[in-house]
Amino acid sequence: MGLGDRLRGWLCCDGFLRVGLGLSVEHLRSGREGSTSEGTGAARTLLMIRFLGHILTSLGSKVLIALSGLALAGFVVFHMLGNLQVFEGPEALNAYAAFLRDMPMALWGARLTLLAIVAVHIGLSVRLAIQNRRARPVGYVTHRYRRASLASRTMAITGSLLVLFIVFHLLHLTAGWLDPSMHNRLDIRGQRDVFGNVVHAFQNPVLVVIYLVGQVVLGLHLSHALSSSLQSLGMEHPMLDRLFRGVGPLVAMLVVLGNTAIVLAIAFGLVHA
């Protein structure tokens, strides 16, 4: 999108808001003549509606998609680092899991926040894709991918598959619905045996394949998402373009290597209960 298109988008949004929010403006002006509290409330309402209006523009949606994507990428990195404690043995991983469960307010607060971020990221991404398709109802006769990578061309596919994998992962290891008997087992210290649950899971070849495929999908999506998010936030500079383009693939590779190492180490018996 060029600079002229971006400005027109903002101006159209502003024009829409001026027409649609005439009552709010009049209420704000009258509030100046009335009480200060009423004026302040009207001003806050007007600012909030204008903010929501800007979000509904294409540019605003891209910014929120980028910010939510970076937040989710940060969670993926820290989640992988925490899971690497499986190499330190059952005491370390089970103690780490118990530490998180001992803070239920913080844990559920983080989970609900992540859920909200995921909802924003998916919802705005779908909305933006629909807008782009409506803007060009007839597709190109031929597609020429000169500089576009496989990761960038398959973002919609990998994103959809990633949602399915996350749901499966939550039902499997977080909720324990697929194997309740292992999920509720305790270790010798009376803590939930997360280590034993993970080891038991990746001794199953079917689950190993599912998680390895999930890591490939995650790597493809993450490699392009990080680089494009930095560009959407305006972090572009001739001297730093190569660095920004390399951030996504590098982080994606580290995350995939870390998660894959856990799965394969257990599958080949290097880590066992």
# chains A, B, ... in the order shown; residues from 1 in each chain; ligands from 1
call {"tool": "residues_around", "arguments": {"residues": "Gln191 of chain A", "least_positions_apart": "2", "cutoff": "8 Å", "atoms": "only C-alpha atoms", "output": "number ranges by chain"}}
result
A: 94-95, 98, 186-189, 193
call {"tool": "residues_around", "arguments": {"residues": "Ser68 of chain A", "least_positions_apart": "6", "cutoff": "9 Å", "atoms": "only C-alpha atoms", "output": "list in words"}}
result
Ile117, Val118, Val120 and His121 of chain A
call {"tool": "write_last_selection", "arguments": {"atoms": "C-alpha atoms", "output": "PDB file, in the first residue's frame"}}
result
ATOM      1  CA  ILE A 117      -4.244 -11.708  21.809  1.00  0.00           C
ATOM      2  CA  VAL A 118      -4.831 -14.827  19.712  1.00  0.00           C
ATOM      3  CA  VAL A 120      -7.357 -10.290  17.979  1.00  0.00           C
ATOM      4  CA  HIS A 121      -4.596 -11.684  15.772  1.00  0.00           C
TER       5      HIS A 121
END
call {"tool": "closest_residue", "arguments": {"among": "A:Arg134, A:Leu72, A:Lys62, A:Leu150", "to": "Leu115 of chain A", "atoms": "only C-alpha atoms"}}
result
A:Leu72
call {"tool": "closest_atom_pairs", "arguments": {"of": "segment 170-216 of chain A", "to": "segment 244-259 of chain A", "cutoff": "12 Å", "atoms": "only C-alpha atoms", "output": "JSON lines"}}
result
{"residue": "A:Phe202", "atom": "CA", "partner": "A:Asn259", "partner_atom": "CA", "distance": 11.9}
{"residue": "A:Val208", "atom": "CA", "partner": "A:Asn259", "partner_atom": "CA", "distance": 11.4}
{"residue": "A:Tyr211", "atom": "CA", "partner": "A:Asn259", "partner_atom": "CA", "distance": 8.9}
{"residue": "A:Leu212", "atom": "CA", "partner": "A:Asn259", "partner_atom": "CA", "distance": 8.7}
{"residue": "A:Val213", "atom": "CA", "partner": "A:Val256", "partner_atom": "CA", "distance": 10.5}
{"residue": "A:Gly214", "atom": "CA", "partner": "A:Val256", "partner_atom": "CA", "distance": 9.4}
{"residue": "A:Gln215", "atom": "CA", "partner": "A:Val256", "partner_atom": "CA", "distance": 5.7}
{"residue": "A:Val216", "atom": "CA", "partner": "A:Val256", "partner_atom": "CA", "distance": 7.3}
call {"tool": "write_last_selection", "arguments": {"atoms": "C-alpha atoms", "output": "PDB file, in the first residue's frame"}}
result
ATOM      1  CA  PHE A 202       6.641 -38.847  22.793  1.00  0.00           C
ATOM      2  CA  VAL A 208       5.965 -37.730  17.446  1.00  0.00           C
ATOM      3  CA  TYR A 211       4.416 -32.691  16.807  1.00  0.00           C
ATOM      4  CA  LEU A 212       7.229 -32.688  14.238  1.00  0.00           C
ATOM      5  CA  VAL A 213       4.811 -31.614  11.515  1.00  0.00           C
ATOM      6  CA  GLY A 214       3.498 -28.964  13.893  1.00  0.00           C
ATOM      7  CA  GLN A 215       7.019 -27.616  14.336  1.00  0.00           C
ATOM      8  CA  VAL A 216       7.519 -27.358  10.582  1.00  0.00           C
TER       9      VAL A 216
END
call {"tool": "residues_around", "arguments": {"residues": "Gly69 of chain A", "least_positions_apart": "4", "cutoff": "8 Å", "atoms": "only C-alpha atoms", "output": "PyMOL selection string"}}
result
chain A and resi 65+73+121+225-226+229
call {"tool": "write_last_selection", "arguments": {"atoms": "N, CA and C atoms", "output": "PDB file, in the first residue's frame"}}
result
ATOM      1  N   ILE A  65      -2.148  -6.460  14.075  1.00  0.00           N
ATOM      2  CA  ILE A  65      -1.724  -7.822  13.725  1.00  0.00           C
ATOM      3  C   ILE A  65      -0.244  -7.994  14.016  1.00  0.00           C
ATOM      4  N   ALA A  73       4.867 -14.413  19.429  1.00  0.00           N
ATOM      5  CA  ALA A  73       6.202 -14.959  19.157  1.00  0.00           C
ATOM      6  C   ALA A  73       7.052 -14.956  20.420  1.00  0.00           C
ATOM      7  N   HIS A 121      -5.485 -11.378  16.894  1.00  0.00           N
ATOM      8  CA  HIS A 121      -4.596 -11.684  15.772  1.00  0.00           C
ATOM      9  C   HIS A 121      -5.335 -12.437  14.662  1.00  0.00           C
ATOM     10  N   ALA A 225       6.407 -14.180   9.709  1.00  0.00           N
ATOM     11  CA  ALA A 225       5.588 -13.294  10.545  1.00  0.00           C
ATOM     12  C   ALA A 225       6.441 -12.260  11.264  1.00  0.00           C
ATOM     13  N   LEU A 226       7.574 -12.667  11.805  1.00  0.00           N
ATOM     14  CA  LEU A 226       8.402 -11.725  12.552  1.00  0.00           C
ATOM     15  C   LEU A 226       8.960 -10.628  11.653  1.00  0.00           C
ATOM     16  N   SER A 229       6.180  -8.315  10.515  1.00  0.00           N
ATOM     17  CA  SER A 229       5.664  -7.493  11.611  1.00  0.00           C
ATOM     18  C   SER A 229       6.541  -6.262  11.823  1.00  0.00           C
TER      19      SER A 229
END
call {"tool": "atom_distance", "arguments": {"atom1": "atom CA of Leu264 of chain A", "atom2": "atom CA of Val217 of chain A"}}
result
17.0 Å
call {"tool": "select_by_dssp", "arguments": {"residues": "segment 42-235 of chain A", "states": "alpha helix (DSSP H)", "output": "PyMOL selection string"}}
result
chain A and resi 42-55+58-83+90-101+104-135+150-153+155-169+180-183+194-201+205-232
call {"tool": "atom_distance", "arguments": {"atom1": "atom CA of Val194 of chain A", "atom2": "atom CA of Leu161 of chain A"}}
result
25.8 Å
call {"tool": "closest_residue", "arguments": {"among": "A:Asn83, A:Thr113, A:Ser232, A:Gln203", "to": "Leu59 of chain A", "atoms": "only C-alpha atoms"}}
result
A:Ser232
call {"tool": "residues_around", "arguments": {"residues": "Arg111 of chain A", "least_positions_apart": "5", "cutoff": "12 Å", "atoms": "only C-alpha atoms", "output": "PDB file with N, CA and C atoms, in the first residue's frame"}}
result
ATOM      1  N   LEU A  72       2.835 -12.936  20.599  1.00  0.00           N
ATOM      2  CA  LEU A  72       2.706 -14.389  20.546  1.00  0.00           C
ATOM      3  C   LEU A  72       4.055 -15.057  20.256  1.00  0.00           C
ATOM      4  N   PHE A  75       5.932 -15.241  23.463  1.00  0.00           N
ATOM      5  CA  PHE A  75       5.448 -16.343  24.295  1.00  0.00           C
ATOM      6  C   PHE A  75       5.995 -17.680  23.812  1.00  0.00           C
ATOM      7  N   LEU A 100       4.400 -22.596  38.466  1.00  0.00           N
ATOM      8  CA  LEU A 100       3.369 -21.883  37.702  1.00  0.00           C
ATOM      9  C   LEU A 100       1.982 -22.112  38.283  1.00  0.00           C
ATOM     10  N   PRO A 104      -2.156 -19.217  40.714  1.00  0.00           N
ATOM     11  CA  PRO A 104      -3.311 -19.383  39.819  1.00  0.00           C
ATOM     12  C   PRO A 104      -3.816 -18.077  39.216  1.00  0.00           C
ATOM     13  N   MET A 105      -3.791 -16.998  39.989  1.00  0.00           N
ATOM     14  CA  MET A 105      -4.269 -15.718  39.452  1.00  0.00           C
ATOM     15  C   MET A 105      -3.389 -15.253  38.304  1.00  0.00           C
ATOM     16  N   ALA A 106      -2.071 -15.315  38.510  1.00  0.00           N
ATOM     17  CA  ALA A 106      -1.150 -14.894  37.453  1.00  0.00           C
ATOM     18  C   ALA A 106      -1.217 -15.836  36.258  1.00  0.00           C
ATOM     19  N   ALA A 116      -6.944 -13.622  24.422  1.00  0.00           N
ATOM     20  CA  ALA A 116      -7.416 -12.382  23.812  1.00  0.00           C
ATOM     21  C   ALA A 116      -6.508 -11.947  22.666  1.00  0.00           C
ATOM     22  N   ILE A 117      -5.197 -12.080  22.858  1.00  0.00           N
ATOM     23  CA  ILE A 117      -4.244 -11.708  21.809  1.00  0.00           C
ATOM     24  C   ILE A 117      -4.421 -12.595  20.583  1.00  0.00           C
ATOM     25  N   VAL A 118      -4.606 -13.897  20.824  1.00  0.00           N
ATOM     26  CA  VAL A 118      -4.831 -14.827  19.712  1.00  0.00           C
ATOM     27  C   VAL A 118      -6.107 -14.466  18.967  1.00  0.00           C
ATOM     28  N   LEU A 170      -3.113 -28.227  23.351  1.00  0.00           N
ATOM     29  CA  LEU A 170      -3.772 -27.870  24.610  1.00  0.00           C
ATOM     30  C   LEU A 170      -4.606 -29.034  25.143  1.00  0.00           C
ATOM     31  N   THR A 174      -1.886 -29.997  27.963  1.00  0.00           N
ATOM     32  CA  THR A 174      -2.336 -29.029  28.966  1.00  0.00           C
ATOM     33  C   THR A 174      -3.573 -29.521  29.704  1.00  0.00           C
TER      34      THR A 174
END
call {"tool": "closest_residue", "arguments": {"among": "A:Leu233, A:Leu243, A:Leu93, A:Ile157", "to": "Asn197 of chain A", "atoms": "only C-alpha atoms"}}
result
A:Leu93
call {"tool": "decode", "arguments": {"residues": "segment 198-265 of chain A", "atoms": "C-alpha atoms", "output": "CSV table (one decimal), in the first residue's frame"}}
result
chain,number,residue,atom,x,y,z
A,198,VAL,CA,5.8,-35.6,28.3
A,199,VAL,CA,8.0,-38.7,28.1
A,200,HIS,CA,5.1,-41.0,27.8
A,201,ALA,CA,3.6,-38.9,25.0
A,202,PHE,CA,6.6,-38.8,22.8
A,203,GLN,CA,7.2,-42.6,23.1
A,204,ASN,CA,4.2,-42.8,20.8
A,205,PRO,CA,5.3,-42.6,17.1
A,206,VAL,CA,2.0,-41.1,15.9
A,207,LEU,CA,2.3,-38.2,18.4
A,208,VAL,CA,6.0,-37.7,17.4
A,209,VAL,CA,5.0,-37.3,13.8
A,210,ILE,CA,2.1,-34.9,14.7
A,211,TYR,CA,4.4,-32.7,16.8
A,212,LEU,CA,7.2,-32.7,14.2
A,213,VAL,CA,4.8,-31.6,11.5
A,214,GLY,CA,3.5,-29.0,13.9
A,215,GLN,CA,7.0,-27.6,14.3
A,216,VAL,CA,7.5,-27.4,10.6
A,217,VAL,CA,4.3,-25.4,10.3
A,218,LEU,CA,5.3,-23.2,13.2
A,219,GLY,CA,8.7,-22.5,11.7
A,220,LEU,CA,7.3,-21.5,8.4
A,221,HIS,CA,4.7,-19.2,9.9
A,222,LEU,CA,7.1,-17.6,12.4
A,223,SER,CA,9.9,-17.0,10.0
A,224,HIS,CA,7.8,-14.7,7.8
A,225,ALA,CA,5.6,-13.3,10.5
A,226,LEU,CA,8.4,-11.7,12.6
A,227,SER,CA,10.1,-10.0,9.6
A,228,SER,CA,6.8,-8.7,8.2
A,229,SER,CA,5.7,-7.5,11.6
A,230,LEU,CA,8.7,-5.3,11.9
A,231,GLN,CA,8.0,-3.9,8.4
A,232,SER,CA,4.4,-3.2,9.3
A,233,LEU,CA,5.5,-1.2,12.3
A,234,GLY,CA,7.7,0.9,10.1
A,235,MET,CA,11.0,-0.5,11.1
A,236,GLU,CA,12.6,-0.3,7.7
A,237,HIS,CA,16.0,1.2,7.0
A,238,PRO,CA,18.4,0.4,4.1
A,239,MET,CA,21.2,-0.4,6.6
A,240,LEU,CA,19.0,-2.7,8.7
A,241,ASP,CA,16.8,-4.4,6.1
A,242,ARG,CA,19.0,-7.4,5.9
A,243,LEU,CA,19.0,-7.7,9.7
A,244,PHE,CA,15.2,-7.4,9.9
A,245,ARG,CA,14.8,-10.0,7.1
A,246,GLY,CA,17.0,-12.4,9.0
A,247,VAL,CA,15.4,-12.0,12.4
A,248,GLY,CA,12.3,-14.1,11.5
A,249,PRO,CA,14.1,-17.1,10.1
A,250,LEU,CA,16.7,-17.1,12.9
A,251,VAL,CA,14.2,-17.0,15.7
A,252,ALA,CA,12.0,-19.6,13.9
A,253,MET,CA,15.0,-21.9,13.5
A,254,LEU,CA,15.9,-21.7,17.2
A,255,VAL,CA,12.4,-22.4,18.3
A,256,VAL,CA,11.9,-25.3,16.0
A,257,LEU,CA,15.3,-26.8,16.9
A,258,GLY,CA,14.6,-26.5,20.6
A,259,ASN,CA,11.1,-28.0,20.4
A,260,THR,CA,12.2,-30.7,18.0
A,261,ALA,CA,15.2,-31.6,20.2
A,262,ILE,CA,12.8,-32.4,23.1
A,263,VAL,CA,10.6,-34.6,20.9
A,264,LEU,CA,13.4,-36.6,19.3
A,265,ALA,CA,15.5,-36.9,22.5
